[in-house]
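Novice: What follows is the file my_file-v4.pdb, containing PDB, C-alpha atoms and all ligand atoms:
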```pdb
ATOM      1  CA  MET A 466     -73.482   1.391 -16.877  1.00  0.00           C
ATOM      2  CA  ASP A 467     -70.862   3.613 -15.267  1.00  0.00           C
ATOM      3  CA  ILE A 468     -67.333   2.668 -14.320  1.00  0.00           C
ATOM      4  CA  PHE A 469     -68.308   1.951 -10.694  1.00  0.00           C
ATOM      5  CA  ASP A 470     -71.068  -0.423 -11.701  1.00  0.00           C
ATOM      6  CA  ARG A 471     -68.621  -2.149 -13.986  1.00  0.00           C
ATOM      7  CA  ALA A 472     -66.025  -2.450 -11.222  1.00  0.00           C
ATOM      8  CA  ARG A 473     -68.582  -3.741  -8.743  1.00  0.00           C
ATOM      9  CA  ARG A 474     -69.837  -6.277 -11.243  1.00  0.00           C
ATOM     10  CA  ALA A 475     -66.293  -7.411 -12.029  1.00  0.00           C
ATOM     11  CA  LEU A 476     -65.522  -7.790  -8.334  1.00  0.00           C
ATOM     12  CA  GLY A 477     -68.737  -9.723  -7.817  1.00  0.00           C
ATOM     13  CA  ASP A 478     -67.873 -12.056 -10.699  1.00  0.00           C
ATOM     14  CA  LEU A 479     -64.395 -12.514  -9.300  1.00  0.00           C
ATOM     15  CA  ALA A 480     -65.653 -13.351  -5.807  1.00  0.00           C
ATOM     16  CA  GLN A 481     -68.216 -15.725  -7.266  1.00  0.00           C
ATOM     17  CA  SER A 482     -65.702 -17.505  -9.453  1.00  0.00           C
ATOM     18  CA  ALA A 483     -63.229 -17.755  -6.542  1.00  0.00           C
ATOM     19  CA  SER A 484     -65.831 -19.364  -4.306  1.00  0.00           C
ATOM     20  CA  THR A 485     -66.896 -21.605  -7.197  1.00  0.00           C
ATOM     21  CA  GLN A 486     -63.280 -22.671  -7.662  1.00  0.00           C
ATOM     22  CA  ALA A 487     -62.988 -23.388  -3.937  1.00  0.00           C
ATOM     23  CA  GLN A 488     -66.201 -25.373  -4.073  1.00  0.00           C
ATOM     24  CA  ILE A 489     -64.999 -27.415  -7.045  1.00  0.00           C
ATOM     25  CA  ILE A 490     -61.621 -28.063  -5.404  1.00  0.00           C
ATOM     26  CA  GLN A 491     -63.383 -29.175  -2.231  1.00  0.00           C
ATOM     27  CA  LEU A 492     -65.631 -31.560  -4.182  1.00  0.00           C
ATOM     28  CA  GLN A 493     -62.688 -32.911  -6.175  1.00  0.00           C
ATOM     29  CA  THR A 494     -60.663 -33.451  -3.001  1.00  0.00           C
ATOM     30  CA  ARG A 495     -63.541 -35.450  -1.539  1.00  0.00           C
ATOM     31  CA  MET A 496     -63.813 -37.413  -4.808  1.00  0.00           C
ATOM     32  CA  GLY A 497     -60.114 -38.233  -4.612  1.00  0.00           C
ATOM     33  CA  GLU A 498     -60.551 -39.503  -1.056  1.00  0.00           C
ATOM     34  CA  ILE A 499     -63.485 -41.671  -2.068  1.00  0.00           C
ATOM     35  CA  GLU A 500     -61.580 -42.996  -5.083  1.00  0.00           C
ATOM     36  CA  SER A 501     -58.621 -44.100  -2.970  1.00  0.00           C
ATOM     37  CA  GLU A 502     -61.015 -45.580  -0.401  1.00  0.00           C
ATOM     38  CA  LEU A 503     -62.748 -47.466  -3.242  1.00  0.00           C
ATOM     39  CA  THR A 504     -59.388 -48.762  -4.475  1.00  0.00           C
ATOM     40  CA  ARG A 505     -58.668 -50.115  -0.995  1.00  0.00           C
ATOM     41  CA  GLN A 506     -62.121 -51.676  -0.746  1.00  0.00           C
ATOM     42  CA  TYR A 507     -61.816 -53.268  -4.208  1.00  0.00           C
ATOM     43  CA  ALA A 508     -58.462 -54.763  -3.232  1.00  0.00           C
ATOM     44  CA  GLU A 509     -59.936 -56.066   0.002  1.00  0.00           C
ATOM     45  CA  ALA A 510     -62.988 -57.490  -1.803  1.00  0.00           C
ATOM     46  CA  GLY A 511     -60.732 -59.158  -4.377  1.00  0.00           C
ATOM     47  CA  ARG A 512     -58.578 -60.672  -1.658  1.00  0.00           C
ATOM     48  CA  ARG A 513     -61.658 -61.844   0.223  1.00  0.00           C
ATOM     49  CA  ALA A 514     -63.251 -63.291  -2.938  1.00  0.00           C
ATOM     50  CA  ARG A 515     -60.120 -65.332  -3.727  1.00  0.00           C
ATOM     51  CA  GLU A 516     -60.050 -66.605  -0.175  1.00  0.00           C
ATOM     52  CA  LEU A 517     -63.710 -67.644  -0.304  1.00  0.00           C
ATOM     53  CA  TRP A 518     -63.150 -69.291  -3.668  1.00  0.00           C
ATOM     54  CA  ARG A 519     -60.188 -71.254  -2.336  1.00  0.00           C
ATOM     55  CA  GLN A 520     -62.310 -72.506   0.520  1.00  0.00           C
ATOM     56  CA  ARG A 521     -65.198 -73.242  -1.894  1.00  0.00           C
ATOM     57  CA  LEU A 522     -67.429 -70.939   0.123  1.00  0.00           C
ATOM     58  CA  PHE A 523     -70.109 -68.551  -0.987  1.00  0.00           C
ATOM     59  CA  ALA A 524     -69.995 -64.897  -0.052  1.00  0.00           C
ATOM     60  CA  ASP A 525     -70.139 -64.500   3.700  1.00  0.00           C
ATOM     61  CA  ALA A 526     -71.364 -61.641   5.869  1.00  0.00           C
ATOM     62  CA  ASP A 527     -67.967 -59.897   5.771  1.00  0.00           C
ATOM     63  CA  PHE A 528     -68.010 -59.983   2.016  1.00  0.00           C
ATOM     64  CA  GLU A 529     -71.558 -58.626   1.882  1.00  0.00           C
ATOM     65  CA  VAL A 530     -70.510 -55.743   4.142  1.00  0.00           C
ATOM     66  CA  LEU A 531     -67.600 -55.004   1.818  1.00  0.00           C
ATOM     67  CA  MET A 532     -69.813 -55.016  -1.250  1.00  0.00           C
ATOM     68  CA  THR A 533     -72.364 -52.759   0.432  1.00  0.00           C
ATOM     69  CA  ARG A 534     -69.569 -50.362   1.375  1.00  0.00           C
ATOM     70  CA  ILE A 535     -68.308 -50.331  -2.212  1.00  0.00           C
ATOM     71  CA  THR A 536     -71.788 -49.661  -3.584  1.00  0.00           C
ATOM     72  CA  THR A 537     -72.275 -46.810  -1.113  1.00  0.00           C
ATOM     73  CA  LEU A 538     -68.927 -45.277  -2.068  1.00  0.00           C
ATOM     74  CA  GLN A 539     -69.740 -45.575  -5.781  1.00  0.00           C
ATOM     75  CA  GLN A 540     -73.051 -43.815  -5.217  1.00  0.00           C
ATOM     76  CA  GLU A 541     -71.363 -41.072  -3.207  1.00  0.00           C
ATOM     77  CA  LEU A 542     -68.778 -40.614  -5.956  1.00  0.00           C
ATOM     78  CA  GLU A 543     -71.491 -40.423  -8.613  1.00  0.00           C
ATOM     79  CA  GLN A 544     -73.338 -37.822  -6.545  1.00  0.00           C
ATOM     80  CA  LEU A 545     -70.183 -35.715  -6.189  1.00  0.00           C
ATOM     81  CA  ARG A 546     -69.609 -35.944  -9.948  1.00  0.00           C
ATOM     82  CA  THR A 547     -73.118 -34.613 -10.518  1.00  0.00           C
ATOM     83  CA  GLU A 548     -72.486 -31.810  -8.007  1.00  0.00           C
ATOM     84  CA  VAL A 549     -69.270 -30.784  -9.751  1.00  0.00           C
ATOM     85  CA  ALA A 550     -71.066 -30.815 -13.115  1.00  0.00           C
ATOM     86  CA  ASN A 551     -73.827 -28.633 -11.652  1.00  0.00           C
ATOM     87  CA  VAL A 552     -71.368 -26.150 -10.159  1.00  0.00           C
ATOM     88  CA  VAL A 553     -69.413 -25.964 -13.413  1.00  0.00           C
ATOM     89  CA  SER A 554     -72.482 -25.495 -15.603  1.00  0.00           C
ATOM     90  CA  ALA A 555     -73.881 -22.822 -13.256  1.00  0.00           C
ATOM     91  CA  GLN A 556     -70.811 -20.660 -13.880  1.00  0.00           C
ATOM     92  CA  PRO A 557     -71.368 -17.584 -16.047  1.00  0.00           C
ATOM     93  CA  PRO A 558     -69.470 -17.643 -19.347  1.00  0.00           C
ATOM     94  CA  PRO A 559     -66.158 -15.766 -19.269  1.00  0.00           C
ATOM     95  CA  PRO A 560     -66.408 -12.176 -20.496  1.00  0.00           C
ATOM     96  CA  ARG A 561     -65.565 -11.499 -24.127  1.00  0.00           C
ATOM     97  CA  THR A 562     -62.336  -9.595 -24.487  1.00  0.00           C
ATOM     98  CA  CYS A 563     -60.640  -7.854 -27.380  1.00  0.00           C
ATOM     99  CA  ALA A 564     -57.970 -10.073 -28.952  1.00  0.00           C
ATOM    100  CA  GLN A 565     -56.003  -6.947 -29.809  1.00  0.00           C
ATOM    101  CA  CYS A 566     -55.902  -4.973 -26.545  1.00  0.00           C
ATOM    102  CA  GLY A 567     -57.638  -7.208 -24.002  1.00  0.00           C
ATOM    103  CA  ALA A 568     -60.432  -4.737 -23.219  1.00  0.00           C
ATOM    104  CA  GLU A 569     -63.693  -6.280 -22.061  1.00  0.00           C
ATOM    105  CA  LEU A 570     -66.359  -6.295 -24.787  1.00  0.00           C
ATOM    106  CA  ASP A 571     -70.115  -6.298 -24.511  1.00  0.00           C
ATOM    107  CA  PRO A 572     -71.697  -9.434 -25.972  1.00  0.00           C
ATOM    108  CA  ASN A 573     -72.970  -7.589 -29.051  1.00  0.00           C
ATOM    109  CA  ASP A 574     -69.922  -5.421 -29.792  1.00  0.00           C
ATOM    110  CA  ARG A 575     -68.643  -5.866 -33.332  1.00  0.00           C
ATOM    111  CA  PHE A 576     -65.667  -3.601 -32.781  1.00  0.00           C
ATOM    112  CA  CYS A 577     -63.539  -2.982 -29.724  1.00  0.00           C
ATOM    113  CA  GLY A 578     -64.550   0.293 -28.059  1.00  0.00           C
ATOM    114  CA  THR A 579     -60.994   0.827 -26.849  1.00  0.00           C
ATOM    115  CA  CYS A 580     -58.775   0.113 -29.846  1.00  0.00           C
ATOM    116  CA  GLY A 581     -61.303  -0.306 -32.656  1.00  0.00           C
ATOM    117  CA  ALA A 582     -60.179  -3.799 -33.669  1.00  0.00           C
ATOM    118  CA  VAL A 583     -62.811  -6.086 -35.187  1.00  0.00           C
ATOM    119  CA  ALA A 584     -64.186  -8.212 -32.359  1.00  0.00           C
ATOM    120  CA  ALA A 585     -64.060 -11.973 -32.806  1.00  0.00           C
ATOM    121  CA  PRO A 586     -67.506 -13.560 -32.792  1.00  0.00           C
ATOM    122  CA  ALA A 587     -68.780 -14.641 -29.396  1.00  0.00           C
ATOM    123  CA  ALA A 588     -67.516 -18.054 -28.404  1.00  0.00           C
ATOM    124  CA  ALA A 589     -69.930 -20.872 -29.116  1.00  0.00           C
ATOM    125  CA  PRO A 590     -71.655 -22.197 -26.010  1.00  0.00           C
ATOM    126  CA  PRO A 591     -69.803 -25.170 -24.517  1.00  0.00           C
ATOM    127  CA  PRO A 592     -71.040 -28.582 -25.642  1.00  0.00           C
ATOM    128  CA  PRO A 593     -73.407 -30.319 -23.232  1.00  0.00           C
ATOM    129  CA  PRO A 594     -71.650 -32.575 -20.726  1.00  0.00           C
ATOM    130  CA  PRO A 595     -71.332 -36.207 -21.804  1.00  0.00           C
ATOM    131  CA  PRO A 596     -74.056 -38.495 -20.487  1.00  0.00           C
ATOM    132  CA  ALA A 597     -73.355 -40.007 -17.092  1.00  0.00           C
ATOM    133  CA  GLY A 598     -71.743 -43.400 -17.202  1.00  0.00           C
ATOM    134  CA  PRO A 599     -73.518 -46.549 -16.023  1.00  0.00           C
ATOM    135  CA  THR A 600     -74.462 -46.336 -12.383  1.00  0.00           C
ATOM    136  CA  ALA A 601     -74.418 -49.172  -9.927  1.00  0.00           C
ATOM    137  CA  ALA A 602     -77.928 -50.458  -9.365  1.00  0.00           C
TER     138      ALA A 602
HETATM  139 ZN    ZN A 701     -59.241  -3.588 -28.332  1.00  0.00          ZN
END
```
Do you think you could lay out the structure here as C-alpha cells?
Ligand SMILES: [Zn+2]
Specialist:
Amino acid sequence: MDIFDRARRALGDLAQSASTQAQIIQLQTRMGEIESELTRQYAEAGRRARELWRQRLFADADFEVLMTRITTLQQELEQLRTEVANVVSAQPPPPRTCAQCGAELDPNDRFCGTCGAVAAPAAAPPPPPPPAGPTAA
C-alpha cells in the first residue's frame, strides 16, 4: 500500500466516521425529543388517571388515546435505540497507533515501524451491547 492509498483510506475513514457521528447525533436528538414528549404524555396520563379515579370512572376515550400515543412513542424510542446500536456497531474499530510516537500500526505489527517501540497488543473487541430492556407489548 503506498502513501496515496493510505491517505485516501484515511480520508475515507474520516468522512465515514463524520457522517456516522452526524447520523448518531441526529438519532439522539430525535430520541431526546421523543423522551420529552413521553414525559409530557406521562404527566398528562397521570393527571387524567387521577381525575378519572376521583370521579370513580373507568378509562375513557381520551385516556385510551393518551395510552396509545404513549405506546407508539415508546416503540419509536425503542426503534431509534436499535438504530443507534446498529450504527455504532457498524463502525470500524479505531486504528491501532503507537503509544510512543502515535504512528498508525498495522493490526499485526509487533513493533512500531516508525520509532521501533514495542506495540501494545491489539485492543480486545468491545463487549456485546447489553440486551434490550423490556419492551411494551
Ligand atoms: Zn512509534
Novice: Around ligand ZN 701 (chain A), at most 7 Å away and counting all atoms listed in the file, which residues are there? Put them as a PyMOL selection string, please.
Specialist: chain A and resi 563-568+577-582
Novice: Pick out the residues sitting within 8 Å of Gln506 (chain A), and hand them over as a list in words; count all atoms listed in the file, and ignore anything fewer than 6 positions along from it in its own chain.
Specialist: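 Selected residues are Leu531, Arg534 and Ile535 of chain A.
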Novice: Since I can't run it myself right now, could you work out what the PyMOL selection byres (((chain A and resi 510) around 10) and not hetatm) selects here and report it as a PyMOL selection string?
Specialist: chain A and resi 504-509+511-516+527-532+535
Novice: So that I can check the surroundings of Gln556 (chain A), please list as a count of residues only every protein, DNA and RNA residue that reaches within 9 Å of it, counting only C-alpha atoms and ignoring chain neighbours fewer than 5 positions away.
Specialist: 4
Novice: One decimal, Å: what's the distance from CA of Gln491 (chain A) over to CA of Pro558 (chain A), could you say?
Specialist: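 Distance reported for this atom pair: 21.5 Å.
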Novice: Please report the interatomic distance between CA of Thr494 (chain A) and CA of Glu548 (chain A) in Å with one decimal.
Specialist: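 Going from CA of Thr494 (chain A) over to CA of Glu548 (chain A), I get 12.9 Å.
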Novice: For this file, the PyMOL selection byres (((chain A and resi 499) around 12) and not hetatm) selects which residues, as a list in words?
Specialist: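 Applying the expression gives Leu492, Gln493, Thr494, Arg495, Met496, Gly497, Glu498, Glu500, Ser501, Glu502, Leu503, Thr504, Arg505, Gln506, Tyr507, Arg534, Ile535, Thr536, Thr537, Leu538, Gln539, Gln540, Glu541, Leu542, Glu543, Gln544, Leu545 and Arg546 of chain A.
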Novice: If you measure from CA of Pro560 (chain A) to CA of Ile490 (chain A), what distance in Å do you get, rounded to one decimal?
Specialist: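 Computing it gives 22.4 Å between the two atoms.
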Novice: Could you check the closest approach to Asp571 (chain A) for each of A:Ala585, A:Leu522, A:Ile489, A:Ala550 and tell me which residue wins, using all atoms listed in the file?
Specialist: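 Between A:Ala585, A:Leu522, A:Ile489, A:Ala550, the residue approaching Asp571 (chain A) most closely is A:Ala585.
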Novice: Would you kindly place N, CA and C atoms on region 560-583 of chain A and return the model as a short mmCIF file (atom, residue, chain, number, x, y, z; two decimals), in the coordinates of the input?
Specialist:
```
data_model
loop_
_atom_site.label_atom_id
_atom_site.label_comp_id
_atom_site.auth_asym_id
_atom_site.auth_seq_id
_atom_site.Cartn_x
_atom_site.Cartn_y
_atom_site.Cartn_z
N PRO A 560 -66.11 -13.36 -19.70
CA PRO A 560 -66.41 -12.18 -20.50
C PRO A 560 -65.64 -12.21 -21.81
N ARG A 561 -66.24 -11.61 -22.84
CA ARG A 561 -65.56 -11.50 -24.13
C ARG A 561 -64.53 -10.40 -24.03
N THR A 562 -63.36 -10.64 -24.51
CA THR A 562 -62.34 -9.60 -24.49
C THR A 562 -61.77 -9.40 -25.88
N CYS A 563 -61.24 -8.20 -26.09
CA CYS A 563 -60.64 -7.85 -27.38
C CYS A 563 -59.33 -8.63 -27.54
N ALA A 564 -59.19 -9.30 -28.71
CA ALA A 564 -57.97 -10.07 -28.95
C ALA A 564 -56.77 -9.15 -29.13
N GLN A 565 -57.06 -7.90 -29.52
CA GLN A 565 -56.00 -6.95 -29.81
C GLN A 565 -55.44 -6.31 -28.54
N CYS A 566 -56.37 -5.76 -27.70
CA CYS A 566 -55.90 -4.97 -26.54
C CYS A 566 -56.37 -5.57 -25.21
N GLY A 567 -57.22 -6.57 -25.25
CA GLY A 567 -57.64 -7.21 -24.00
C GLY A 567 -58.78 -6.52 -23.29
N ALA A 568 -59.32 -5.43 -23.86
CA ALA A 568 -60.43 -4.74 -23.22
C ALA A 568 -61.67 -5.63 -23.19
N GLU A 569 -62.48 -5.48 -22.15
CA GLU A 569 -63.69 -6.28 -22.06
C GLU A 569 -64.72 -5.76 -23.07
N LEU A 570 -65.38 -6.67 -23.76
CA LEU A 570 -66.36 -6.30 -24.79
C LEU A 570 -67.75 -6.68 -24.31
N ASP A 571 -68.74 -5.90 -24.76
CA ASP A 571 -70.11 -6.30 -24.51
C ASP A 571 -70.45 -7.42 -25.49
N PRO A 572 -71.41 -8.27 -25.13
CA PRO A 572 -71.70 -9.43 -25.97
C PRO A 572 -71.99 -9.08 -27.43
N ASN A 573 -72.57 -7.91 -27.68
CA ASN A 573 -72.97 -7.59 -29.05
C ASN A 573 -72.00 -6.68 -29.79
N ASP A 574 -70.89 -6.30 -29.13
CA ASP A 574 -69.92 -5.42 -29.79
C ASP A 574 -69.33 -6.10 -31.02
N ARG A 575 -69.28 -5.32 -32.13
CA ARG A 575 -68.64 -5.87 -33.33
C ARG A 575 -67.24 -5.31 -33.48
N PHE A 576 -67.00 -4.20 -32.78
CA PHE A 576 -65.67 -3.60 -32.78
C PHE A 576 -65.29 -3.29 -31.34
N CYS A 577 -64.00 -3.33 -31.06
CA CYS A 577 -63.54 -2.98 -29.72
C CYS A 577 -63.73 -1.48 -29.50
N GLY A 578 -64.33 -1.11 -28.37
CA GLY A 578 -64.55 0.29 -28.06
C GLY A 578 -63.26 1.00 -27.64
N THR A 579 -62.24 0.25 -27.32
CA THR A 579 -60.99 0.83 -26.85
C THR A 579 -60.01 1.04 -27.99
N CYS A 580 -59.78 -0.01 -28.80
CA CYS A 580 -58.78 0.11 -29.85
C CYS A 580 -59.37 0.05 -31.24
N GLY A 581 -60.64 -0.31 -31.36
CA GLY A 581 -61.30 -0.31 -32.66
C GLY A 581 -61.09 -1.57 -33.49
N ALA A 582 -60.40 -2.56 -32.94
CA ALA A 582 -60.18 -3.80 -33.67
C ALA A 582 -61.52 -4.51 -33.87
N VAL A 583 -61.61 -5.30 -34.94
CA VAL A 583 -62.81 -6.09 -35.19
C VAL A 583 -62.88 -7.16 -34.10
#
```
